[in-house]
file upload-v4.pdb (PDB, C-alpha atoms, pLDDT in the B column)
MODEL        1
ATOM      1  CA  MET A 150      -3.283 -17.216 -18.879  1.00 37.00           C
ATOM      2  CA  ALA A 151      -5.609 -14.386 -17.844  1.00 40.00           C
ATOM      3  CA  ALA A 152      -6.935 -11.862 -20.310  1.00 55.00           C
ATOM      4  CA  GLY A 153      -7.676  -8.233 -19.550  1.00 85.00           C
ATOM      5  CA  LYS A 154      -5.948  -6.176 -16.867  1.00 97.00           C
ATOM      6  CA  ALA A 155      -3.790  -7.448 -14.028  1.00 98.00           C
ATOM      7  CA  ALA A 156      -2.521  -5.973 -10.759  1.00 98.00           C
ATOM      8  CA  LEU A 157      -0.213  -6.942  -7.911  1.00 98.00           C
ATOM      9  CA  VAL A 158      -1.047  -5.764  -4.387  1.00 98.00           C
ATOM     10  CA  THR A 159       1.654  -6.322  -1.789  1.00 98.00           C
ATOM     11  CA  GLY A 160       0.385  -6.827   1.731  1.00 98.00           C
ATOM     12  CA  GLY A 161      -2.940  -7.569   0.081  1.00 98.00           C
ATOM     13  CA  SER A 162      -4.486  -9.901   2.632  1.00 97.00           C
ATOM     14  CA  ARG A 163      -5.792  -7.381   5.166  1.00 95.00           C
ATOM     15  CA  GLY A 164      -7.054  -3.845   5.649  1.00 95.00           C
ATOM     16  CA  MET A 165      -6.303  -1.346   2.915  1.00 97.00           C
ATOM     17  CA  GLY A 166      -4.530  -3.972   0.830  1.00 98.00           C
ATOM     18  CA  ARG A 167      -7.538  -6.276   0.834  1.00 98.00           C
ATOM     19  CA  ALA A 168      -9.931  -3.412   0.099  1.00 98.00           C
ATOM     20  CA  THR A 169      -7.719  -2.351  -2.803  1.00 98.00           C
ATOM     21  CA  ALA A 170      -7.586  -5.877  -4.227  1.00 98.00           C
ATOM     22  CA  VAL A 171     -11.391  -6.047  -4.188  1.00 98.00           C
ATOM     23  CA  ALA A 172     -11.779  -2.566  -5.678  1.00 98.00           C
ATOM     24  CA  LEU A 173      -9.411  -3.477  -8.513  1.00 98.00           C
ATOM     25  CA  ALA A 174     -11.370  -6.665  -9.166  1.00 98.00           C
ATOM     26  CA  GLN A 175     -14.522  -4.578  -9.412  1.00 97.00           C
ATOM     27  CA  ARG A 176     -12.791  -2.545 -12.123  1.00 97.00           C
ATOM     28  CA  GLY A 177     -11.943  -5.654 -14.132  1.00 97.00           C
ATOM     29  CA  TYR A 178      -8.475  -6.514 -12.833  1.00 98.00           C
ATOM     30  CA  ASP A 179      -7.178  -9.964 -12.076  1.00 98.00           C
ATOM     31  CA  VAL A 180      -5.205  -9.606  -8.868  1.00 98.00           C
ATOM     32  CA  ALA A 181      -2.059 -11.165  -7.461  1.00 98.00           C
ATOM     33  CA  ILE A 182      -2.309 -10.901  -3.678  1.00 98.00           C
ATOM     34  CA  ASN A 183       1.015 -10.885  -1.885  1.00 98.00           C
ATOM     35  CA  PHE A 184       1.233 -11.915   1.766  1.00 98.00           C
ATOM     36  CA  SER A 185       4.131 -12.586   4.087  1.00 96.00           C
ATOM     37  CA  ARG A 186       3.031 -15.110   6.721  1.00 92.00           C
ATOM     38  CA  GLU A 187      -0.611 -16.016   7.345  1.00 94.00           C
ATOM     39  CA  VAL A 188      -2.317 -17.762   4.449  1.00 96.00           C
ATOM     40  CA  GLY A 189      -5.824 -17.669   5.976  1.00 97.00           C
ATOM     41  CA  PRO A 190      -6.470 -13.926   5.544  1.00 97.00           C
ATOM     42  CA  ALA A 191      -4.904 -14.076   2.068  1.00 98.00           C
ATOM     43  CA  GLU A 192      -7.312 -16.832   1.062  1.00 98.00           C
ATOM     44  CA  GLU A 193     -10.213 -14.741   2.356  1.00 98.00           C
ATOM     45  CA  ALA A 194      -9.053 -11.792   0.258  1.00 98.00           C
ATOM     46  CA  ALA A 195      -8.715 -14.051  -2.786  1.00 98.00           C
ATOM     47  CA  ALA A 196     -12.262 -15.318  -2.285  1.00 98.00           C
ATOM     48  CA  LEU A 197     -13.548 -11.738  -2.336  1.00 98.00           C
ATOM     49  CA  VAL A 198     -11.710 -11.055  -5.592  1.00 98.00           C
ATOM     50  CA  ARG A 199     -13.098 -14.233  -7.159  1.00 98.00           C
ATOM     51  CA  ALA A 200     -16.591 -13.251  -6.023  1.00 98.00           C
ATOM     52  CA  GLU A 201     -16.219 -10.272  -8.362  1.00 98.00           C
ATOM     53  CA  GLY A 202     -15.609 -12.663 -11.244  1.00 97.00           C
ATOM     54  CA  ARG A 203     -11.859 -12.081 -11.494  1.00 98.00           C
ATOM     55  CA  MET A 204      -8.820 -14.312 -11.088  1.00 98.00           C
ATOM     56  CA  ALA A 205      -6.943 -14.177  -7.784  1.00 98.00           C
ATOM     57  CA  VAL A 206      -3.415 -15.495  -7.355  1.00 98.00           C
ATOM     58  CA  LEU A 207      -1.789 -15.832  -3.934  1.00 98.00           C
ATOM     59  CA  VAL A 208       1.944 -15.108  -3.787  1.00 98.00           C
ATOM     60  CA  GLN A 209       3.789 -15.520  -0.508  1.00 98.00           C
ATOM     61  CA  ALA A 210       6.927 -13.407  -0.149  1.00 98.00           C
ATOM     62  CA  ASP A 211       8.638 -11.125   2.329  1.00 98.00           C
ATOM     63  CA  VAL A 212       9.156  -7.985   0.260  1.00 98.00           C
ATOM     64  CA  SER A 213      12.428  -7.286   2.070  1.00 98.00           C
ATOM     65  CA  ASP A 214      13.890 -10.536   0.686  1.00 98.00           C
ATOM     66  CA  GLU A 215      15.293 -10.020  -2.803  1.00 98.00           C
ATOM     67  CA  ALA A 216      15.164 -13.686  -3.809  1.00 98.00           C
ATOM     68  CA  GLY A 217      11.574 -13.942  -2.646  1.00 98.00           C
ATOM     69  CA  VAL A 218      10.646 -10.800  -4.566  1.00 98.00           C
ATOM     70  CA  GLN A 219      12.220 -12.122  -7.752  1.00 98.00           C
ATOM     71  CA  ALA A 220      10.305 -15.388  -7.347  1.00 98.00           C
ATOM     72  CA  MET A 221       7.096 -13.419  -6.805  1.00 98.00           C
ATOM     73  CA  ALA A 222       7.629 -11.445 -10.005  1.00 98.00           C
ATOM     74  CA  ALA A 223       8.179 -14.669 -11.925  1.00 98.00           C
ATOM     75  CA  GLU A 224       4.998 -16.182 -10.468  1.00 98.00           C
ATOM     76  CA  VAL A 225       2.945 -13.104 -11.387  1.00 98.00           C
ATOM     77  CA  GLU A 226       4.173 -13.358 -14.972  1.00 98.00           C
ATOM     78  CA  ARG A 227       3.490 -17.095 -15.090  1.00 98.00           C
ATOM     79  CA  ALA A 228       0.004 -16.866 -13.591  1.00 98.00           C
ATOM     80  CA  LEU A 229      -1.296 -13.615 -15.071  1.00 97.00           C
ATOM     81  CA  GLY A 230       0.887 -13.110 -18.136  1.00 97.00           C
ATOM     82  CA  ARG A 231       0.962  -9.343 -17.709  1.00 98.00           C
ATOM     83  CA  LEU A 232       0.968  -6.547 -15.151  1.00 98.00           C
ATOM     84  CA  ASP A 233      -0.747  -3.200 -15.525  1.00 98.00           C
ATOM     85  CA  ALA A 234      -0.741  -1.957 -11.941  1.00 98.00           C
ATOM     86  CA  LEU A 235       1.398  -2.362  -8.842  1.00 98.00           C
ATOM     87  CA  VAL A 236       0.223  -1.311  -5.386  1.00 98.00           C
ATOM     88  CA  ASN A 237       3.088  -1.198  -2.893  1.00 98.00           C
ATOM     89  CA  ASN A 238       1.065  -1.606   0.288  1.00 98.00           C
ATOM     90  CA  ALA A 239       3.166  -3.982   2.416  1.00 98.00           C
ATOM     91  CA  GLY A 240       4.361  -2.338   5.601  1.00 96.00           C
ATOM     92  CA  VAL A 241       5.386  -2.914   9.197  1.00 95.00           C
ATOM     93  CA  THR A 242       5.910  -0.775  12.281  1.00 93.00           C
ATOM     94  CA  VAL A 243       7.188  -1.063  15.852  1.00 92.00           C
ATOM     95  CA  GLU A 244       5.553  -0.415  19.216  1.00 88.00           C
ATOM     96  CA  VAL A 245       7.916   2.264  20.509  1.00 91.00           C
ATOM     97  CA  PRO A 246       6.682   5.812  21.276  1.00 88.00           C
ATOM     98  CA  PRO A 247       8.533   8.457  19.251  1.00 88.00           C
ATOM     99  CA  GLU A 248       9.832  10.171  22.380  1.00 90.00           C
ATOM    100  CA  ASP A 249      11.467   6.999  23.745  1.00 92.00           C
ATOM    101  CA  LEU A 250      14.623   6.886  21.649  1.00 94.00           C
ATOM    102  CA  ASP A 251      16.478   4.531  23.977  1.00 94.00           C
ATOM    103  CA  ALA A 252      13.799   1.826  23.669  1.00 94.00           C
ATOM    104  CA  LEU A 253      14.181   1.626  19.893  1.00 95.00           C
ATOM    105  CA  SER A 254      16.684  -0.999  18.813  1.00 97.00           C
ATOM    106  CA  LEU A 255      18.655  -0.568  15.621  1.00 97.00           C
ATOM    107  CA  GLU A 256      17.460  -4.028  14.566  1.00 97.00           C
ATOM    108  CA  ALA A 257      13.852  -2.829  14.756  1.00 97.00           C
ATOM    109  CA  TRP A 258      14.748   0.367  12.893  1.00 97.00           C
ATOM    110  CA  ASP A 259      16.419  -1.628  10.114  1.00 98.00           C
ATOM    111  CA  ARG A 260      13.502  -4.066   9.832  1.00 98.00           C
ATOM    112  CA  VAL A 261      10.958  -1.286   9.297  1.00 98.00           C
ATOM    113  CA  PHE A 262      13.131   0.316   6.625  1.00 98.00           C
ATOM    114  CA  ALA A 263      13.826  -3.055   4.992  1.00 98.00           C
ATOM    115  CA  VAL A 264      10.125  -3.715   4.450  1.00 98.00           C
ATOM    116  CA  ASN A 265       8.680  -0.242   3.963  1.00 98.00           C
ATOM    117  CA  VAL A 266      11.393   1.320   1.794  1.00 98.00           C
ATOM    118  CA  ARG A 267      13.773  -1.289   0.409  1.00 98.00           C
ATOM    119  CA  GLY A 268      10.863  -3.661  -0.137  1.00 98.00           C
ATOM    120  CA  LEU A 269       8.999  -1.060  -2.178  1.00 98.00           C
ATOM    121  CA  PHE A 270      12.061  -0.499  -4.339  1.00 98.00           C
ATOM    122  CA  GLN A 271      12.791  -4.201  -4.776  1.00 98.00           C
ATOM    123  CA  VAL A 272       9.233  -5.057  -5.824  1.00 98.00           C
ATOM    124  CA  THR A 273       9.009  -2.114  -8.225  1.00 98.00           C
ATOM    125  CA  ARG A 274      12.322  -3.021  -9.846  1.00 98.00           C
ATOM    126  CA  ALA A 275      11.440  -6.712 -10.106  1.00 98.00           C
ATOM    127  CA  VAL A 276       8.121  -6.178 -11.904  1.00 98.00           C
ATOM    128  CA  LEU A 277       9.213  -3.189 -14.004  1.00 98.00           C
ATOM    129  CA  PRO A 278       9.800  -5.281 -17.160  1.00 98.00           C
ATOM    130  CA  LEU A 279       6.187  -6.491 -16.910  1.00 98.00           C
ATOM    131  CA  LEU A 280       4.826  -3.004 -16.273  1.00 98.00           C
ATOM    132  CA  ARG A 281       6.674  -1.618 -19.281  1.00 98.00           C
ATOM    133  CA  ARG A 282       4.758  -3.993 -21.547  1.00 97.00           C
ATOM    134  CA  SER A 283       1.482  -2.383 -20.486  1.00 97.00           C
ATOM    135  CA  GLU A 284      -0.010   0.541 -22.393  1.00 94.00           C
ATOM    136  CA  ARG A 285      -1.182   2.229 -19.172  1.00 94.00           C
ATOM    137  CA  ALA A 286       1.130   1.060 -16.413  1.00 98.00           C
ATOM    138  CA  SER A 287       0.711   2.569 -12.980  1.00 98.00           C
ATOM    139  CA  VAL A 288       2.357   2.218  -9.577  1.00 98.00           C
ATOM    140  CA  VAL A 289       0.704   3.440  -6.382  1.00 98.00           C
ATOM    141  CA  ASN A 290       2.721   3.478  -3.172  1.00 98.00           C
ATOM    142  CA  MET A 291       1.242   3.552   0.318  1.00 98.00           C
ATOM    143  CA  SER A 292       2.677   6.490   2.209  1.00 98.00           C
ATOM    144  CA  SER A 293       1.033   8.019   5.285  1.00 96.00           C
ATOM    145  CA  ILE A 294       0.147  11.366   6.733  1.00 94.00           C
ATOM    146  CA  ALA A 295       2.779  10.440   9.342  1.00 92.00           C
ATOM    147  CA  GLY A 296       5.402  10.843   6.624  1.00 94.00           C
ATOM    148  CA  LEU A 297       4.255  14.335   5.692  1.00 94.00           C
ATOM    149  CA  ARG A 298       3.934  16.000   9.102  1.00 89.00           C
ATOM    150  CA  PRO A 299       4.963  15.292  12.720  1.00 83.00           C
ATOM    151  CA  SER A 300       2.796  12.692  14.401  1.00 80.00           C
ATOM    152  CA  ALA A 301       2.623  10.259  17.283  1.00 79.00           C
ATOM    153  CA  GLN A 302       3.693   7.367  15.084  1.00 86.00           C
ATOM    154  CA  PRO A 303       6.942   5.498  15.880  1.00 90.00           C
ATOM    155  CA  LEU A 304      10.013   7.200  14.461  1.00 94.00           C
ATOM    156  CA  PRO A 305      11.086   4.552  11.953  1.00 96.00           C
ATOM    157  CA  TYR A 306       7.548   4.190  10.582  1.00 95.00           C
ATOM    158  CA  ALA A 307       7.156   7.946  10.067  1.00 95.00           C
ATOM    159  CA  ALA A 308      10.616   8.191   8.520  1.00 97.00           C
ATOM    160  CA  THR A 309       9.907   5.354   6.085  1.00 98.00           C
ATOM    161  CA  LYS A 310       6.663   6.956   4.973  1.00 98.00           C
ATOM    162  CA  ALA A 311       8.508  10.207   4.293  1.00 97.00           C
ATOM    163  CA  ALA A 312      10.966   8.169   2.244  1.00 98.00           C
ATOM    164  CA  VAL A 313       8.068   6.613   0.330  1.00 98.00           C
ATOM    165  CA  ALA A 314       6.786  10.080  -0.575  1.00 98.00           C
ATOM    166  CA  ASN A 315      10.218  11.059  -1.881  1.00 98.00           C
ATOM    167  CA  LEU A 316      10.701   7.774  -3.737  1.00 98.00           C
ATOM    168  CA  THR A 317       7.328   8.251  -5.383  1.00 98.00           C
ATOM    169  CA  ARG A 318       8.337  11.598  -6.852  1.00 98.00           C
ATOM    170  CA  THR A 319      11.787  10.354  -7.837  1.00 98.00           C
ATOM    171  CA  LEU A 320      10.485   7.168  -9.475  1.00 98.00           C
ATOM    172  CA  ALA A 321       7.805   9.147 -11.308  1.00 98.00           C
ATOM    173  CA  ARG A 322      10.555  11.031 -13.107  1.00 98.00           C
ATOM    174  CA  ALA A 323      12.757   7.981 -13.609  1.00 98.00           C
ATOM    175  CA  LEU A 324      10.020   5.751 -15.052  1.00 98.00           C
ATOM    176  CA  ALA A 325       8.181   8.318 -17.183  1.00 98.00           C
ATOM    177  CA  PRO A 326       6.593   8.354 -19.631  1.00 97.00           C
ATOM    178  CA  GLY A 327       5.750   4.664 -19.729  1.00 97.00           C
ATOM    179  CA  VAL A 328       4.944   4.107 -16.050  1.00 98.00           C
ATOM    180  CA  ARG A 329       3.117   6.583 -13.821  1.00 98.00           C
ATOM    181  CA  VAL A 330       4.001   6.568 -10.105  1.00 98.00           C
ATOM    182  CA  ASN A 331       1.837   8.133  -7.388  1.00 98.00           C
ATOM    183  CA  ALA A 332       1.229   7.640  -3.688  1.00 98.00           C
ATOM    184  CA  VAL A 333      -1.649   7.739  -1.246  1.00 98.00           C
ATOM    185  CA  ALA A 334      -1.119   9.132   2.258  1.00 97.00           C
ATOM    186  CA  PRO A 335      -3.952   7.995   4.533  1.00 95.00           C
ATOM    187  CA  GLY A 336      -4.692   9.503   7.904  1.00 88.00           C
ATOM    188  CA  TRP A 337      -6.256   7.352  10.580  1.00 81.00           C
ATOM    189  CA  VAL A 338      -8.040   4.343   9.066  1.00 87.00           C
ATOM    190  CA  LEU A 339     -10.598   2.067  10.706  1.00 84.00           C
ATOM    191  CA  GLY A 340      -9.460  -1.487  11.318  1.00 76.00           C
ATOM    192  CA  GLU A 341      -6.798  -3.755  12.760  1.00 79.00           C
ATOM    193  CA  TRP A 342      -3.790  -1.478  12.298  1.00 70.00           C
ATOM    194  CA  MET A 343      -5.224   1.364  14.388  1.00 74.00           C
ATOM    195  CA  GLU A 344      -6.816  -1.052  16.853  1.00 73.00           C
ATOM    196  CA  HIS A 345      -3.373  -2.458  17.505  1.00 72.00           C
ATOM    197  CA  THR A 346      -1.787   0.993  17.650  1.00 71.00           C
ATOM    198  CA  LEU A 347      -4.339   2.586  20.000  1.00 71.00           C
ATOM    199  CA  GLY A 348      -5.192  -0.464  22.110  1.00 74.00           C
ATOM    200  CA  ASP A 349      -7.910   0.106  24.693  1.00 76.00           C
ATOM    201  CA  ASN A 350      -8.201   3.752  23.642  1.00 77.00           C
ATOM    202  CA  TYR A 351      -9.130   2.839  20.066  1.00 77.00           C
ATOM    203  CA  GLN A 352     -12.818   3.794  20.049  1.00 85.00           C
ATOM    204  CA  ARG A 353     -12.411   6.922  22.184  1.00 86.00           C
ATOM    205  CA  LEU A 354      -9.542   8.294  20.127  1.00 82.00           C
ATOM    206  CA  MET A 355     -11.133   7.394  16.797  1.00 79.00           C
ATOM    207  CA  ASP A 356     -14.321   9.185  17.851  1.00 87.00           C
ATOM    208  CA  ARG A 357     -12.291  12.230  18.885  1.00 86.00           C
ATOM    209  CA  ARG A 358     -10.433  12.246  15.547  1.00 83.00           C
ATOM    210  CA  ALA A 359     -13.745  11.994  13.683  1.00 90.00           C
ATOM    211  CA  ALA A 360     -15.145  14.960  15.627  1.00 92.00           C
ATOM    212  CA  HIS A 361     -12.176  17.099  14.520  1.00 90.00           C
ATOM    213  CA  THR A 362     -12.341  15.971  10.871  1.00 92.00           C
ATOM    214  CA  PRO A 363     -14.318  18.140   8.417  1.00 94.00           C
ATOM    215  CA  MET A 364     -15.993  15.028   6.949  1.00 93.00           C
ATOM    216  CA  ARG A 365     -16.977  14.016  10.522  1.00 93.00           C
ATOM    217  CA  ARG A 366     -15.537  10.513  10.316  1.00 93.00           C
ATOM    218  CA  VAL A 367     -12.232   8.737   9.886  1.00 91.00           C
ATOM    219  CA  ALA A 368     -11.357   6.842   6.748  1.00 87.00           C
ATOM    220  CA  ALA A 369     -12.438   3.290   6.042  1.00 92.00           C
ATOM    221  CA  PRO A 370     -10.110   0.986   4.086  1.00 94.00           C
ATOM    222  CA  GLU A 371     -12.507   1.337   1.159  1.00 97.00           C
ATOM    223  CA  ASP A 372     -11.935   5.124   1.085  1.00 96.00           C
ATOM    224  CA  VAL A 373      -8.215   4.565   0.614  1.00 97.00           C
ATOM    225  CA  ALA A 374      -8.827   1.846  -1.977  1.00 98.00           C
ATOM    226  CA  GLU A 375     -11.091   4.198  -3.909  1.00 98.00           C
ATOM    227  CA  MET A 376      -8.264   6.706  -4.273  1.00 98.00           C
ATOM    228  CA  VAL A 377      -5.719   4.027  -5.188  1.00 98.00           C
ATOM    229  CA  VAL A 378      -7.956   2.778  -7.979  1.00 98.00           C
ATOM    230  CA  ALA A 379      -8.694   6.331  -9.141  1.00 98.00           C
ATOM    231  CA  LEU A 380      -4.956   6.976  -9.519  1.00 98.00           C
ATOM    232  CA  ILE A 381      -4.544   3.726 -11.429  1.00 98.00           C
ATOM    233  CA  ASP A 382      -7.594   3.766 -13.648  1.00 94.00           C
ATOM    234  CA  GLY A 383      -9.009   7.270 -13.600  1.00 91.00           C
ATOM    235  CA  THR A 384      -6.054   9.447 -14.519  1.00 92.00           C
ATOM    236  CA  ARG A 385      -3.725   9.545 -17.506  1.00 93.00           C
ATOM    237  CA  PHE A 386      -1.667  12.679 -16.863  1.00 96.00           C
ATOM    238  CA  VAL A 387      -1.062  12.513 -13.116  1.00 98.00           C
ATOM    239  CA  THR A 388       2.287  11.266 -11.835  1.00 98.00           C
ATOM    240  CA  GLY A 389       4.598  12.106  -8.950  1.00 98.00           C
ATOM    241  CA  GLU A 390       1.726  13.072  -6.647  1.00 98.00           C
ATOM    242  CA  VAL A 391       1.118  12.148  -3.002  1.00 98.00           C
ATOM    243  CA  VAL A 392      -2.613  12.341  -2.293  1.00 97.00           C
ATOM    244  CA  VAL A 393      -3.788  12.703   1.301  1.00 97.00           C
ATOM    245  CA  VAL A 394      -6.896  10.712   2.273  1.00 96.00           C
ATOM    246  CA  ASP A 395      -7.975  11.941   5.704  1.00 92.00           C
ATOM    247  CA  GLY A 396     -11.295  13.725   5.241  1.00 95.00           C
ATOM    248  CA  GLY A 397      -9.616  17.121   5.439  1.00 94.00           C
ATOM    249  CA  TYR A 398      -8.144  16.632   8.918  1.00 90.00           C
ATOM    250  CA  SER A 399      -4.565  17.624   8.099  1.00 89.00           C
ATOM    251  CA  ALA A 400      -5.713  20.626   6.061  1.00 87.00           C
ATOM    252  CA  SER A 401      -7.715  22.033   8.958  1.00 85.00           C
ATOM    253  CA  THR A 402      -5.544  21.420  12.029  1.00 76.00           C
TER     254      THR A 402
ENDMDL
END
call {"tool": "encode", "arguments": {"input": "upload-v4.pdb", "output": "structure tokens"}}
result
Amino acid sequence: MAAGKAALVTGGSRGMGRATAVALAQRGYDVAINFSREVGPAEEAAALVRAEGRMAVLVQADVSDEAGVQAMAAEVERALGRLDALVNNAGVTVEVPPEDLDALSLEAWDRVFAVNVRGLFQVTRAVLPLLRRSERASVVNMSSIAGLRPSAQPLPYAATKAAVANLTRTLARALAPGVRVNAVAPGWVLGEWMEHTLGDNYQRLMDRRAAHTPMRRVAAPEDVAEMVVALIDGTRFVTGEVVVVDGGYSAST
């Protein structure tokens, strides 16, 4: 059984999830890394956590599946013995432009909500007994700037991220004072997600976004992870907040 602090990061095998797992390890956390399908990237993330001298536990589960979530919670307790932080990072989207309503199937709409919203709730509820044993329990949810203002993101994705922002504030009240709940709302972030979203226009559009951002660049996964860890480990009296991480873009456009 691990000593010290422990965290669970859903969708922790790639991108912002992986960066967050590593950042938590650097702050002394053992990390349970949740993944849904591909074990290879999850093993790579675990190796990075172990390179920081911390324990890494891989837990495969689709966060939209209640039985799988309950099994994941049991495995986290068995392997780590405690839980001090939960990062609800798992998320999916669809490849349908927001203006093309007819192309969006209800099955796709339901799938995005099942993972991004119901999954967040199910995981939080399943591990809540563990979190309540911690003296400084914290939950950080991954929202998005797309959930706070109109954007070019697919409709169900943007709607789920708005729901995440609301759930964050509602859960902060419901779980206080023992568990703090905050969210991070990234703008455009370097890496696979935006590469897939923007396709062949990735570099051109990312460069254009950087030119219109006060900090003159777009976020890296590590920038988002830095804020997640700050909300977990660097604050004691902050809860119910949704923090934008976009280099000032949304505040200046």
call {"tool": "closest_atom_pairs", "arguments": {"input": "upload-v4.pdb", "of": "stretch 364-391 of chain A", "to": "stretch 340-344 of chain A", "cutoff": "12 Å", "atoms": "all atoms listed in the file", "output": "Markdown table"}}
result
| residue | atom | partner | partner_atom | distance |
| --- | --- | --- | --- | --- |
| A:Val367 | CA | A:Gly340 | CA | 10.7 |
| A:Ala368 | CA | A:Gly340 | CA | 9.7 |
| A:Ala369 | CA | A:Gly340 | CA | 7.7 |
| A:Pro370 | CA | A:Gly340 | CA | 7.7 |
| A:Glu371 | CA | A:Gly340 | CA | 11.0 |
call {"tool": "resolve_selection", "arguments": {"input": "upload-v4.pdb", "expression": "the PyMOL selection byres ((chain A and resi 264) around 9)", "output": "ChimeraX atom specification"}}
result
/A:211-214,239-241,259-263,265-269
call {"tool": "resolve_selection", "arguments": {"input": "upload-v4.pdb", "expression": "the PyMOL selection byres ((chain A and resi 278) around 12)", "output": "PyMOL selection string"}}
result
chain A and resi 219+222-223+225-226+230-233+272-277+279-283+286+324+327-328
call {"tool": "write_last_selection", "arguments": {"input": "upload-v4.pdb", "atoms": "C-alpha atoms", "output": "PDB file, in the coordinates of the input"}}
result
ATOM      1  CA  GLN A 219      12.220 -12.122  -7.752  1.00 98.00           C
ATOM      2  CA  ALA A 222       7.629 -11.445 -10.005  1.00 98.00           C
ATOM      3  CA  ALA A 223       8.179 -14.669 -11.925  1.00 98.00           C
ATOM      4  CA  VAL A 225       2.945 -13.104 -11.387  1.00 98.00           C
ATOM      5  CA  GLU A 226       4.173 -13.358 -14.972  1.00 98.00           C
ATOM      6  CA  GLY A 230       0.887 -13.110 -18.136  1.00 97.00           C
ATOM      7  CA  ARG A 231       0.962  -9.343 -17.709  1.00 98.00           C
ATOM      8  CA  LEU A 232       0.968  -6.547 -15.151  1.00 98.00           C
ATOM      9  CA  ASP A 233      -0.747  -3.200 -15.525  1.00 98.00           C
ATOM     10  CA  VAL A 272       9.233  -5.057  -5.824  1.00 98.00           C
ATOM     11  CA  THR A 273       9.009  -2.114  -8.225  1.00 98.00           C
ATOM     12  CA  ARG A 274      12.322  -3.021  -9.846  1.00 98.00           C
ATOM     13  CA  ALA A 275      11.440  -6.712 -10.106  1.00 98.00           C
ATOM     14  CA  VAL A 276       8.121  -6.178 -11.904  1.00 98.00           C
ATOM     15  CA  LEU A 277       9.213  -3.189 -14.004  1.00 98.00           C
ATOM     16  CA  LEU A 279       6.187  -6.491 -16.910  1.00 98.00           C
ATOM     17  CA  LEU A 280       4.826  -3.004 -16.273  1.00 98.00           C
ATOM     18  CA  ARG A 281       6.674  -1.618 -19.281  1.00 98.00           C
ATOM     19  CA  ARG A 282       4.758  -3.993 -21.547  1.00 97.00           C
ATOM     20  CA  SER A 283       1.482  -2.383 -20.486  1.00 97.00           C
ATOM     21  CA  ALA A 286       1.130   1.060 -16.413  1.00 98.00           C
ATOM     22  CA  LEU A 324      10.020   5.751 -15.052  1.00 98.00           C
ATOM     23  CA  GLY A 327       5.750   4.664 -19.729  1.00 97.00           C
ATOM     24  CA  VAL A 328       4.944   4.107 -16.050  1.00 98.00           C
TER      25      VAL A 328
END
call {"tool": "closest_residue", "arguments": {"input": "upload-v4.pdb", "among": "A:Glu201, A:Asp372, A:Asp382, A:Glu248", "to": "A:Ser287", "atoms": "only C-alpha atoms"}}
result
A:Asp382
call {"tool": "residues_around", "arguments": {"input": "upload-v4.pdb", "residues": "A:Met364", "least_positions_apart": "3", "cutoff": "10 Å", "atoms": "only C-alpha atoms", "output": "PyMOL selection string"}}
result
chain A and resi 359-361+367-368+395-398
call {"tool": "closest_atom_pairs", "arguments": {"input": "upload-v4.pdb", "of": "stretch 192-302 of chain A", "to": "stretch 384-394 of chain A", "cutoff": "8 Å", "atoms": "all atoms listed in the file", "output": "CSV"}}
result
residue,atom,partner,partner_atom,distance
A:Arg285,CA,A:Arg385,CA,7.9
A:Ser292,CA,A:Val391,CA,7.8
A:Ser293,CA,A:Val393,CA,7.8
A:Ile294,CA,A:Val393,CA,6.8
call {"tool": "residues_near_point", "arguments": {"input": "upload-v4.pdb", "point": "(-8.5, 6.7, 14.4)", "cutoff": "8 Å", "atoms": "all atoms listed in the file", "output": "short mmCIF file (atom, residue, chain, number, x, y, z; two decimals) with C-alpha atoms, in the coordinates of the input"}}
result
data_model
loop_
_atom_site.label_atom_id
_atom_site.label_comp_id
_atom_site.auth_asym_id
_atom_site.auth_seq_id
_atom_site.Cartn_x
_atom_site.Cartn_y
_atom_site.Cartn_z
CA TRP A 337 -6.26 7.35 10.58
CA VAL A 338 -8.04 4.34 9.07
CA LEU A 339 -10.60 2.07 10.71
CA MET A 343 -5.22 1.36 14.39
CA TYR A 351 -9.13 2.84 20.07
CA GLN A 352 -12.82 3.79 20.05
CA LEU A 354 -9.54 8.29 20.13
CA MET A 355 -11.13 7.39 16.80
CA ASP A 356 -14.32 9.18 17.85
CA ARG A 358 -10.43 12.25 15.55
CA ALA A 359 -13.74 11.99 13.68
CA VAL A 367 -12.23 8.74 9.89
#
call {"tool": "closest_residue", "arguments": {"input": "upload-v4.pdb", "among": "A:Asn183, A:Gln175, A:Thr169, A:Asn290", "to": "A:Val313", "atoms": "all atoms listed in the file"}}
result
A:Asn290
call {"tool": "closest_residue", "arguments": {"input": "upload-v4.pdb", "among": "A:Ala312, A:Leu347, A:Leu229, A:Ala196", "to": "A:Pro246", "atoms": "all atoms listed in the file"}}
result
A:Leu347
call {"tool": "axis_aligned_box", "arguments": {"input": "upload-v4.pdb", "around": "stretch 175-193 of chain A", "padding_each_side": "4 Å", "output": "lines of an AutoDock Vina configuration file"}}
result
center_x = -5.2
center_y = -10.2
center_z = -3.4
size_x = 26.7
size_y = 23.2
size_z = 29.5
call {"tool": "resolve_selection", "arguments": {"input": "upload-v4.pdb", "expression": "the PyMOL selection byres ((chain A and resi 297) around 12)", "output": "PyMOL selection string"}}
result
chain A and resi 292-296+298-300+302+306-315+332-336+391-393+399-400
call {"tool": "closest_residue", "arguments": {"input": "upload-v4.pdb", "among": "A:Asn331, A:Thr159, A:Thr346, A:Thr402", "to": "A:Glu244", "atoms": "all atoms listed in the file"}}
result
A:Thr346
